[in-house]
Structure formats: C-alpha cells, structure tokens
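What follows is one structure encoded as structure tokens, with my remarks underneath.
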Amino acid sequence: MKDFISILFIEDTEQSNQEIKNRLHQSDFSAIPFSQNGLDSLGLLLKAHKWDLIFVDLDKEDLDLSTILEILDQQEFITPLVLIGSEIKNDVLYDAMAAGVQDYVAKDNPDRLLPVVAKEIRNLRKQRKYTQTATKNQIFDRILTKSTNEIFLMDPMSLKVIYANDTLLDNLGYTEEELYGLSAKDVIAQHDLRSVFEEIAPLYRGEESSTTFQFDRKRKDGSTYPVEIHVEVTQEDTRQLLMGISFDISRQVEDAKIIEKQKQKTRELELNNKYKSQFYANVSHEMRTILNSTLLLTNILKENRYENLKDDQLEYLHTIYHSNNSVLELLNEVLDLSKIEAGKIDVRLEEVEISDICDRAERLFKPIAREKNLAFECTVNGIQNQHLKTDRLRLDQVLNNLISNAIKFTEKGQIRLEVFKSNGSQKNRTVNMIAFRVKDSGIGIPAEKQKHIFESYMQAEGSSTEKRFGGTGLGLAISKEIAHLLGGKITLESEPGKGSCFTLFLPSDSSDELAQQAEKGKLRIEIKPDIESKPVEIPEKETEKSQSTVLLVDDSSIHNMALKEFLGFSINKCITAESAEEAYKILQSEIVDCIILDMYLPDADGKEVLDKLKTDEQLKDIPVIIYSGKSLTLAEEEELLRKADAVVQKNVNSYRKLLENILEKIG
C-alpha cells in the first residue's frame, strides 16, 4: 500500500524536475507534486495546505533561498526543505544547511532521492507526533485546570494533595502551597470524616477500584458545601495515586429542598382540595335539602287550599317560590365542585321567549326593589314575541347577578332592564345579537377600577365596598365566563355618583358557539326534553290515595316534615326517620312498601345503608329510592343503580319526579 505525500516544488516550470517526479511515482510513495514559480503567494500556499516536503530547485534563475526560509519560519507547521540542483557547491550547501535546509539531492545523482525522502518523511512524522502530543497535553492541562469540576491527585499514604485544579483551589479558598501542605481530613467537614474514610477504605483493601459518594467539604474559612465525588486508583510511573473528580452540588441540594417543599405544598393543596370538595359536597347537600324543604312548603301554601291567603300574600309566596327555585338551580353548578373542577359544565339549549324573561325579572325583583324604595322597570323594544336559543338557566344566572348588583349598589332612584336587538361579529361574520342592558342610578364605578371588577373576588372599592354592601365579588367573574361560553360578552359604562350600565350581548342562537366549546371539552350540551316542564301540582283532596306505607330516611327533620306533608296528599302513610339506626328499628316493626333514602345520615353513609338493606333477606325486596342533595358523578349514580331502584337528586321540581318514582314502585 503506497504512502501518500504532498510535495511542493519551487521551480521554473512543471517540467523542470520531471525525472525526480517520475522516480517518486515509481516508488512506494504516492507523491502529489505541485509546482510553484514565484514567491508572491508562497505564504498563502503554505497556510492553505500542510505540505509534507518542499523541494527548492537551485537551477531556478531568480531563486531567493533566504526569502523562502524566512517564509517557512513563519509557518505554524514543520515542513522539511530539500535542495535539488544540477550543481550544488559546498559553500552554498553549507550556508543552506546552517540556515535550516534539511538535505539535498543532486540531479546527477537521482539514486539519493528516495532515501532522502524516506528519511525526511520519517523525521517529519516523529516531530509532528511529538508536537501533537505536546499540544494535546497543553489542551488537557488547560481543560483540567479550568474545568468546572474539582480535580485533584492525592498520595494514598500521606493523604496529601499533590495536584489540584483552579476550581478546587477557588472553592476551598487555599493557594497551591497552602493546600499541598494539608491532609485530606483538613478539607472534610467534621461530621463527614468517618463516612468518607469508610467510603474509600475498599480502595485501600483492593476490593474496589473506584467509588462515588457525597459529603460536605470544608473551606479555609470553616464553612462547608456539599459535593459529589468520584475517587479511583490510578498509576503514575511506579506509584499509585488516588484521583478525585468532584463538583459542588449546593444548587442541586437547594433545588431538591425547593422541590420537596413544592411537593409538600402540593400534598397540602391536594389534601385541602379534598377537604374543600368534601366541604362543598356537604354544604351542597345541606342547602339543597333546606331549599327543597322550603320549596315544598311554599308550594303547598301558594295553592291556598283553605282560601285564607290574600292576593299580596300569594304574590309573596310566588316570589319566594321562584327565588328559592333560582337559588337551587344555581347551587347545582356553584356548589357542584366535581363538575367545576373537571371543567364539565352542563348547558341546555332551549327556545326562550324574551317576554317571559322580562316577566320573570319583574316578578322576582320588583318586590326586592320596593323594599329599598327603588323603582324597577323592564322594557322590550319591538322583540316581545321573539325567541332566543340559549341556556335559560345560564341567562337567568347572569341577569340575576347584574340586577341584584344594581339593586345592591343603588340607594335611591331606579333600575331598568332594557332588551333590544343588536348586531355583533363572531369570527369575522355578522350575527344577530340580543342585548340585555341593566342600568342603575347607583354609586358608579371609577374608571381605574372597571377593568378589575370582572376578576374573581374583586369589588370596585375593595374591602370598603364589601363591608358596606356585602358579597364575595365572584358574581361578575362567573357572569363574564358564562357570557363567553354562550358566545356573547358583557360591557360596562359607569361614572362615579351617576350609576352604572352593564350590557349582556348574546347571539339569538348560541348553537354554533356552544358546539365549538363542547368540541374543546369546556362544556357538555344537554338535550332539552320535548315535554314542557310544568309546575308541581298538589293532588286534590278527593284524589284516591295509595294505601301504601313509605319510609322517609333523612337527617333533616324539616325536610322530612315537608316531604311527608307533600307526599301525604297521594300516599296513605309516611313514616320518617332521621338516622340509619332509627330506620332499622322502624323496619323491624312496620311493613314498608318503599324506602326514600338520603345519602348523608349522622350514623352511616347512604351506600352502607343501601348495601345492608339489599343483603337482608327480609328487606331486600323493598324498593329503595335514593333522594339526596349530594352531587353524584355518572359513575357514582351507575354504581347506586345496581342496587337502588331509582336515584333522584334534590333539585328544582325534584319532589314531583320523586313522587312519580314512588307511585311507579308501589304500583
């Protein structure tokens, strides 16, 4: 296999030394010759390529050997220079060799060529190898010295450092002379001395060749810092040394502490969220139970069976009934934490009559405004008979909030709700919008506060407003989000002392926007049943009652009383129990045709009671209907229905649904 070398010929023409070039081609060298005539570009040519050999032809008429040697001296790489010529005089050769020429070949003695080339190439490669080794050593030394890791060599017998890089010296605060006079134990924290020597002991015993561990290193000023170190046995000439590579892990230790603190905070938050969820679930259950009881009793009273109530009293009862209905509707979302945290808000698309919205607002808020000596008016501008396709509950929730705030922050004057057509844009297209403007003559909102009032828990004047008017500041934030979900928005115009004007803009048909939000997983669309929801009707006294016996198990005596009163119009006998223990005692002495079971009891969980009933041979065939204010997930409801005959949540008009289920089960 030929040895490739590149040779630069400084000669008159490429043919000047053809015989020498031919001999090179015929040899074991595969020479790549290059001819250079003038010296103008010689420096650039030498920089552009690392030549293995340079032949200078003394027969060249304008040869300037001294200039060539000067140019060579300036080069970074070593390149041998050999003279060739027809006649080489001794004095010329002597001066040339003294100036740095390596050898010569007379043209009349070509046999000398190949030995000279072989010798110079061999010497060249040795020199270059030495140069490369020296360069590498310099680089490695620079890397070791400037490395961000602490690097050191230690005598295993005296435990003294014999080499330390700059990083270790800087971290410890010692000079080389100071450190080399110390023992290893002088740079180890006192509390880690024993553990360090235990770690390196296997190296002394020949059981291990290396070890990695952590300890606290001691600085010159007595302070310490944590390091991770790798120590191994290495050989230098005839002696063994311990080589160590370590690095400061103060940042990692600090980060680990921060991460652990964050994990602890996360665990605390998760626990707090768990407690909060349980709290909301309990509050939700209790409030639904209380409201459901109030709705039942109010509904019975407003029927005026004994015809002893006046018209204004019936109007008050009607207002109470609808107000409690609204509160109960809102609780289904505001207190249903599992749905809120999962981002699965249910919306129900339905056709809503605009005139009905105004009638309801007047019915609900006129009595409230009258108590504060305020006027409340509602006007519809030319769209009384128009329908709005939206979520009625969500729309009522926003309007209730806007009107309630207007009444709350107005001490004299009036509140107006105006409904009118408007045009808006959605995704670069014009859509028909319906505007609901709530205008008051209240305290107004400063301009610098207006951008904050839609944020959670914020009120226009902060704590002073909260103390004066009450409230959490959450309503407008929720209203803004609902408006956005329905494809609309809320705007505000206000001036301190002159009142405020909030306007809710909603598309006349929110179907497309809701569908897009549903695709993003932000909500779930419910399909409204075709059957129109009707008010609960109390059966006439003459209606034939079922001769069955129903056991009502609920921890609320008020709810039991209200439900017993309501069911008493249709069922012959209702027995109440406020605990699981009381229910079991009744079942031992009474024949019961149906059990209505709450999920929260003072002495047992509703699921436990259900399991016990369905595993008792004497009681397992009695129909059990779960009737509770607890918010149930779909999975929880499906689990209950494996044993229960029906599940009804305490909700708007839920007692009607409960009655239907009871009558169906008892036949």
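Ordered as shown in the structure tokens, chains take letters A, B, and onward, while each chain numbers its residues from 1 and ligands are numbered from 1 in the order shown.
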Every residue of segment 113-355 of chain A that DSSP places in alpha helix (DSSP H), as JSON, numbers by chain: {"A": [113, 114, 115, 116, 117, 118, 119, 120, 121, 122, 123, 124, 125, 126, 127, 128, 129, 130, 131, 132, 133, 134, 135, 136, 137, 138, 139, 140, 141, 142, 143, 144, 145, 146, 166, 167, 168, 169, 170, 171, 172, 176, 177, 178, 179, 180, 193, 194, 195, 196, 197, 198, 199, 200, 201, 202, 203, 204, 250, 251, 252, 253, 254, 255, 256, 257, 258, 259, 260, 261, 262, 263, 264, 265, 266, 267, 268, 269, 270, 271, 272, 273, 274, 275, 276, 277, 278, 279, 280, 281, 282, 283, 284, 285, 286, 287, 288, 289, 290, 291, 292, 293, 294, 295, 296, 297, 298, 299, 300, 301, 302, 311, 312, 313, 314, 315, 316, 317, 318, 319, 320, 321, 322, 323, 324, 325, 326, 327, 328, 329, 330, 331, 332, 333, 334, 337, 338, 339, 340, 341, 342, 354, 355]}
Could you turn the residues from that selection into a file that holds C-alpha atoms, as a tab-separated table (two decimals), in the first residue's frame?
```tsv
chain	number	residue	atom	x	y	z
A	113	LEU	CA	16.36	10.92	-3.89
A	114	LEU	CA	14.24	8.17	-2.31
A	115	PRO	CA	16.44	7.62	0.80
A	116	VAL	CA	16.38	11.37	1.45
A	117	VAL	CA	12.58	11.50	1.04
A	118	ALA	CA	12.06	8.46	3.28
A	119	LYS	CA	14.32	9.91	5.98
A	120	GLU	CA	12.69	13.33	5.97
A	121	ILE	CA	9.14	11.94	5.97
A	122	ARG	CA	10.03	9.67	8.90
A	123	ASN	CA	11.58	12.54	10.86
A	124	LEU	CA	8.70	14.81	9.96
A	125	ARG	CA	6.12	12.40	11.32
A	126	LYS	CA	8.03	11.95	14.54
A	127	GLN	CA	8.26	15.68	15.02
A	128	ARG	CA	4.61	16.18	14.23
A	129	LYS	CA	3.64	13.39	16.64
A	130	TYR	CA	5.67	15.00	19.40
A	131	THR	CA	4.16	18.37	18.57
A	132	GLN	CA	0.63	16.93	18.61
A	133	THR	CA	1.29	15.18	21.91
A	134	ALA	CA	2.62	18.38	23.42
A	135	THR	CA	-0.33	20.30	22.07
A	136	LYS	CA	-2.76	17.74	23.45
A	137	ASN	CA	-1.03	17.83	26.79
A	138	GLN	CA	-1.35	21.59	26.84
A	139	ILE	CA	-5.03	21.33	25.94
A	140	PHE	CA	-5.67	18.63	28.54
A	141	ASP	CA	-3.80	20.63	31.13
A	142	ARG	CA	-5.89	23.68	30.28
A	143	ILE	CA	-9.08	21.59	30.49
A	144	LEU	CA	-8.09	20.13	33.86
A	145	THR	CA	-7.05	23.50	35.23
A	146	LYS	CA	-10.11	25.38	34.05
A	166	ASP	CA	-8.09	26.02	39.82
A	167	THR	CA	-11.72	25.16	40.55
A	168	LEU	CA	-10.87	23.19	43.70
A	169	LEU	CA	-8.45	25.90	44.88
A	170	ASP	CA	-11.05	28.63	44.30
A	171	ASN	CA	-13.82	26.69	46.04
A	172	LEU	CA	-11.64	25.92	49.07
A	176	GLU	CA	-1.48	25.67	45.96
A	177	GLU	CA	1.23	25.88	48.62
A	178	GLU	CA	-1.32	26.01	51.44
A	179	LEU	CA	-3.39	23.11	50.11
A	180	TYR	CA	-0.43	20.84	49.36
A	193	LEU	CA	-14.91	12.38	58.34
A	194	ARG	CA	-15.87	8.87	59.37
A	195	SER	CA	-18.23	8.26	56.47
A	196	VAL	CA	-15.66	9.49	53.89
A	197	PHE	CA	-12.95	7.13	55.14
A	198	GLU	CA	-15.45	4.28	55.21
A	199	GLU	CA	-16.23	5.01	51.56
A	200	ILE	CA	-12.59	4.95	50.39
A	201	ALA	CA	-11.49	2.05	52.61
A	202	PRO	CA	-12.34	-0.59	49.94
A	203	LEU	CA	-9.84	1.15	47.60
A	204	TYR	CA	-7.04	0.60	50.13
A	250	SER	CA	-25.11	23.14	46.53
A	251	ARG	CA	-27.52	24.19	43.77
A	252	GLN	CA	-28.82	20.64	43.35
A	253	VAL	CA	-29.29	20.24	47.10
A	254	GLU	CA	-31.08	23.58	47.26
A	255	ASP	CA	-33.21	22.65	44.26
A	256	ALA	CA	-34.03	19.32	45.89
A	257	LYS	CA	-35.16	21.17	49.01
A	258	ILE	CA	-37.28	23.51	46.92
A	259	ILE	CA	-38.77	20.57	45.02
A	260	GLU	CA	-39.52	18.78	48.30
A	261	LYS	CA	-41.18	21.94	49.63
A	262	GLN	CA	-43.22	22.19	46.44
A	263	LYS	CA	-44.18	18.53	46.75
A	264	GLN	CA	-45.21	19.14	50.34
A	265	LYS	CA	-47.25	22.17	49.27
A	266	THR	CA	-48.81	20.10	46.50
A	267	ARG	CA	-49.70	17.38	49.01
A	268	GLU	CA	-51.19	20.01	51.30
A	269	LEU	CA	-53.12	21.56	48.43
A	270	GLU	CA	-54.40	18.17	47.34
A	271	LEU	CA	-55.46	17.49	50.91
A	272	ASN	CA	-57.03	20.95	51.18
A	273	ASN	CA	-58.82	20.39	47.89
A	274	LYS	CA	-60.07	17.07	49.19
A	275	TYR	CA	-61.35	18.73	52.35
A	276	LYS	CA	-62.75	21.58	50.29
A	277	SER	CA	-64.52	19.16	47.97
A	278	GLN	CA	-65.97	17.34	50.96
A	279	PHE	CA	-67.00	20.66	52.49
A	280	TYR	CA	-68.70	21.82	49.28
A	281	ALA	CA	-70.41	18.47	48.92
A	282	ASN	CA	-71.75	18.72	52.47
A	283	VAL	CA	-72.78	22.36	52.02
A	284	SER	CA	-74.41	21.50	48.72
A	285	HIS	CA	-76.37	18.65	50.31
A	286	GLU	CA	-77.48	20.69	53.30
A	287	MET	CA	-78.53	23.73	51.25
A	288	ARG	CA	-80.37	21.64	48.69
A	289	THR	CA	-82.17	19.83	51.48
A	290	ILE	CA	-83.19	23.11	53.16
A	291	LEU	CA	-84.23	24.76	49.88
A	292	ASN	CA	-86.10	21.68	48.80
A	293	SER	CA	-88.00	21.73	52.08
A	294	THR	CA	-88.81	25.43	51.64
A	295	LEU	CA	-89.98	24.83	48.08
A	296	LEU	CA	-92.26	22.02	49.19
A	297	LEU	CA	-93.87	24.04	51.97
A	298	THR	CA	-94.11	27.19	49.84
A	299	ASN	CA	-95.71	25.24	47.03
A	300	ILE	CA	-98.31	23.82	49.43
A	301	LEU	CA	-99.06	27.28	50.84
A	302	LYS	CA	-99.38	29.04	47.48
A	311	ASP	CA	-103.56	38.25	46.85
A	312	ASP	CA	-100.45	40.13	48.01
A	313	GLN	CA	-99.58	37.21	50.32
A	314	LEU	CA	-99.92	34.81	47.41
A	315	GLU	CA	-97.68	37.10	45.35
A	316	TYR	CA	-95.07	37.00	48.09
A	317	LEU	CA	-95.29	33.20	48.21
A	318	HIS	CA	-94.95	33.09	44.44
A	319	THR	CA	-91.83	35.27	44.66
A	320	ILE	CA	-90.38	33.14	47.48
A	321	TYR	CA	-91.06	30.01	45.49
A	322	HIS	CA	-89.36	31.29	42.33
A	323	SER	CA	-86.47	32.83	44.29
A	324	ASN	CA	-85.76	29.52	46.01
A	325	ASN	CA	-86.06	27.79	42.67
A	326	SER	CA	-83.39	30.14	41.27
A	327	VAL	CA	-81.08	29.60	44.23
A	328	LEU	CA	-81.49	25.85	43.96
A	329	GLU	CA	-80.73	25.99	40.24
A	330	LEU	CA	-77.54	27.97	40.87
A	331	LEU	CA	-76.42	25.62	43.62
A	332	ASN	CA	-76.44	22.77	41.15
A	333	GLU	CA	-73.41	24.40	39.49
A	334	VAL	CA	-71.81	26.77	42.00
A	337	LEU	CA	-67.35	21.21	42.77
A	338	SER	CA	-66.72	17.97	40.92
A	339	LYS	CA	-68.22	19.42	37.74
A	340	ILE	CA	-66.47	22.77	38.11
A	341	GLU	CA	-63.02	21.22	38.73
A	342	ALA	CA	-63.50	18.79	35.83
A	354	ILE	CA	-87.86	37.16	25.53
A	355	SER	CA	-91.12	38.42	27.00
```
If you count only C-alpha atoms, which residues fall within 12 Å of Arg642 of chain A, apart from same-chain ones fewer than 5 positions away, as a ChimeraX atom specification? /A:607,610-611,614,624-626,635-637,647
Please provide the set of residues having any atom within 12 Å of Trp51 of chain A, restricted to only C-alpha atoms, with same-chain residues fewer than 3 positions apart removed, written as a PDB file with C-alpha atoms, in the first residue's frame.
```pdb
ATOM      1  CA  PHE A   4       0.532   9.372   0.131  1.00  0.00           C
ATOM      2  CA  ILE A   5       2.649  12.501   0.482  1.00  0.00           C
ATOM      3  CA  SER A   6       2.246  16.016  -0.904  1.00  0.00           C
ATOM      4  CA  ILE A   7       5.327  17.775  -2.247  1.00  0.00           C
ATOM      5  CA  LEU A   8       5.740  21.396  -3.232  1.00  0.00           C
ATOM      6  CA  PHE A   9       8.293  22.092  -5.975  1.00  0.00           C
ATOM      7  CA  ALA A  31       3.515  11.720  -4.434  1.00  0.00           C
ATOM      8  CA  ILE A  32       1.188  14.624  -5.197  1.00  0.00           C
ATOM      9  CA  PRO A  33       3.547  17.248  -6.663  1.00  0.00           C
ATOM     10  CA  PHE A  34       2.651  20.904  -7.000  1.00  0.00           C
ATOM     11  CA  LEU A  42       4.060  31.258  -1.232  1.00  0.00           C
ATOM     12  CA  LEU A  45       0.034  28.498  -0.299  1.00  0.00           C
ATOM     13  CA  LEU A  46       1.831  27.199   2.799  1.00  0.00           C
ATOM     14  CA  LYS A  47      -1.099  28.237   5.037  1.00  0.00           C
ATOM     15  CA  ALA A  48      -3.673  26.675   2.744  1.00  0.00           C
ATOM     16  CA  ILE A  54       9.384  21.122  -0.171  1.00  0.00           C
ATOM     17  CA  PHE A  55      11.902  20.807  -2.990  1.00  0.00           C
ATOM     18  CA  LEU A  72       8.928  28.863   6.253  1.00  0.00           C
ATOM     19  CA  GLN A  75       4.572  28.872   9.420  1.00  0.00           C
ATOM     20  CA  GLU A  76       2.809  27.041  12.218  1.00  0.00           C
ATOM     21  CA  PHE A  77       3.622  23.580  10.837  1.00  0.00           C
ATOM     22  CA  ILE A  78       7.013  21.960  10.356  1.00  0.00           C
ATOM     23  CA  THR A  79       7.845  21.184   6.710  1.00  0.00           C
ATOM     24  CA  PRO A  80      11.266  19.799   5.654  1.00  0.00           C
ATOM     25  CA  LEU A  81      13.043  21.680   2.858  1.00  0.00           C
ATOM     26  CA  ILE A 121       9.140  11.938   5.966  1.00  0.00           C
ATOM     27  CA  LEU A 124       8.701  14.813   9.956  1.00  0.00           C
ATOM     28  CA  ARG A 125       6.115  12.402  11.324  1.00  0.00           C
TER      29      ARG A 125
END
```
What's the 9 Å shell around Ala435 of chain A, counting only C-alpha atoms, without same-chain residues fewer than 6 positions away, as an NGL selection string? :A and (418-422 or 503-507)
So that I can check the secondary structure, give me every residue of segment 90-257 of chain A assigned strand (DSSP E) by backbone DSSP, as an MDAnalysis selection string. chainID A and resid 103:106 150:154 161:164 210:218 224:236 239:248
Resulting file, chosen residues, C-alpha atoms, as an mmCIF file, in the first residue's frame:
```
data_model
loop_
_atom_site.group_PDB
_atom_site.id
_atom_site.type_symbol
_atom_site.label_atom_id
_atom_site.label_comp_id
_atom_site.auth_asym_id
_atom_site.auth_seq_id
_atom_site.Cartn_x
_atom_site.Cartn_y
_atom_site.Cartn_z
ATOM 1 C CA ASP A 103 19.060 17.865 2.961
ATOM 2 C CA TYR A 104 19.922 17.969 -0.762
ATOM 3 C CA VAL A 105 19.702 15.812 -3.896
ATOM 4 C CA ALA A 106 21.964 16.426 -6.896
ATOM 5 C CA GLU A 150 -12.874 19.928 41.096
ATOM 6 C CA ILE A 151 -9.985 17.660 40.042
ATOM 7 C CA PHE A 152 -7.145 16.510 42.265
ATOM 8 C CA LEU A 153 -4.477 13.825 42.839
ATOM 9 C CA MET A 154 -3.713 12.555 46.332
ATOM 10 C CA VAL A 161 -2.994 16.582 47.746
ATOM 11 C CA ILE A 162 -0.202 16.690 45.166
ATOM 12 C CA TYR A 163 -2.271 18.319 42.389
ATOM 13 C CA ALA A 164 -5.404 20.483 42.451
ATOM 14 C CA SER A 210 -13.346 3.305 42.349
ATOM 15 C CA THR A 211 -16.174 4.719 44.460
ATOM 16 C CA THR A 212 -18.693 7.570 44.228
ATOM 17 C CA PHE A 213 -20.367 9.268 47.190
ATOM 18 C CA GLN A 214 -21.406 12.619 48.663
ATOM 19 C CA PHE A 215 -20.072 14.571 51.612
ATOM 20 C CA ASP A 216 -19.625 18.114 52.919
ATOM 21 C CA ARG A 217 -16.291 19.729 52.035
ATOM 22 C CA LYS A 218 -14.733 22.278 54.412
ATOM 23 C CA THR A 224 -18.872 23.849 54.234
ATOM 24 C CA TYR A 225 -20.575 22.961 50.960
ATOM 25 C CA PRO A 226 -21.906 19.633 49.621
ATOM 26 C CA VAL A 227 -20.028 17.803 46.855
ATOM 27 C CA GLU A 228 -20.483 14.611 44.898
ATOM 28 C CA ILE A 229 -17.126 12.910 44.354
ATOM 29 C CA HIS A 230 -15.752 10.075 42.258
ATOM 30 C CA VAL A 231 -12.453 8.597 43.550
ATOM 31 C CA GLU A 232 -10.430 5.924 41.782
ATOM 32 C CA VAL A 233 -6.977 4.369 41.996
ATOM 33 C CA THR A 234 -4.593 5.432 39.214
ATOM 34 C CA GLN A 235 -0.986 4.552 38.368
ATOM 35 C CA GLU A 236 1.765 7.126 37.807
ATOM 36 C CA ARG A 239 3.463 4.611 42.407
ATOM 37 C CA GLN A 240 -0.268 4.523 42.943
ATOM 38 C CA LEU A 241 -2.317 7.665 43.479
ATOM 39 C CA LEU A 242 -5.903 8.492 44.276
ATOM 40 C CA MET A 243 -7.549 10.602 41.586
ATOM 41 C CA GLY A 244 -10.686 12.510 42.535
ATOM 42 C CA ILE A 245 -13.259 14.366 40.459
ATOM 43 C CA SER A 246 -15.914 16.224 42.413
ATOM 44 C CA PHE A 247 -18.390 19.033 41.884
ATOM 45 C CA ASP A 248 -20.307 21.412 44.067
#
```
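If you measure from each of A:Glu565, A:Asp91, A:Glu513, A:Glu664 to Ser548 of chain A using only C-alpha atoms, the closest one turns out to be A:Glu664.
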Using only C-alpha atoms, which protein or nucleic acid residues come within 12 Å of Asn560 of chain A? Drop anything in the same chain fewer than 2 positions from it, and give the result as an MDAnalysis selection string. chainID A and resid 289:290 292:294 296:297 550:558 562:568 574:579 596:598 627
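For the pair atom CA of Glu582 of chain A and atom CA of Leu601 of chain A, the interatomic distance is 10.8 Å.
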Find the spatial neighbours of Pro110 of chain A, counting only C-alpha atoms, within a cut-off of 9 Å - ignore same-chain residues fewer than 5 positions away - and output them as a PyMOL selection string. chain A and resi 19-20+23+105
So the first atom is atom CA of Phe502 of chain A and the second is atom CA of Phe376 of chain A; what is the distance between them in Å, to one decimal place? 15.4 Å
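Taking atom CA of Lys643 of chain A as the reference point, atom CA of Ile662 of chain A is found at 16.0 Å.
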All residues 10 Å or closer to Gln618 of chain A, only C-alpha atoms, same chain fewer than 5 positions away omitted, as a list in words: Leu587, Gln588 and Leu613 of chain A
Suppose we keep N, CA and C atoms; can you now write the selection as a PDB file, in the first residue's frame?
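What follows is the written file out_23.pdb:
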```
ATOM      1  N   LEU A 587     -88.198  -0.578  60.507  1.00  0.00           N
ATOM      2  CA  LEU A 587     -88.380  -1.689  59.567  1.00  0.00           C
ATOM      3  C   LEU A 587     -88.632  -3.015  60.286  1.00  0.00           C
ATOM      4  N   GLN A 588     -88.227  -3.119  61.539  1.00  0.00           N
ATOM      5  CA  GLN A 588     -88.477  -4.338  62.306  1.00  0.00           C
ATOM      6  C   GLN A 588     -89.917  -4.412  62.803  1.00  0.00           C
ATOM      7  N   LEU A 613     -79.500  -3.056  53.419  1.00  0.00           N
ATOM      8  CA  LEU A 613     -80.897  -3.360  53.077  1.00  0.00           C
ATOM      9  C   LEU A 613     -80.972  -4.458  52.020  1.00  0.00           C
TER      10      LEU A 613
END
```
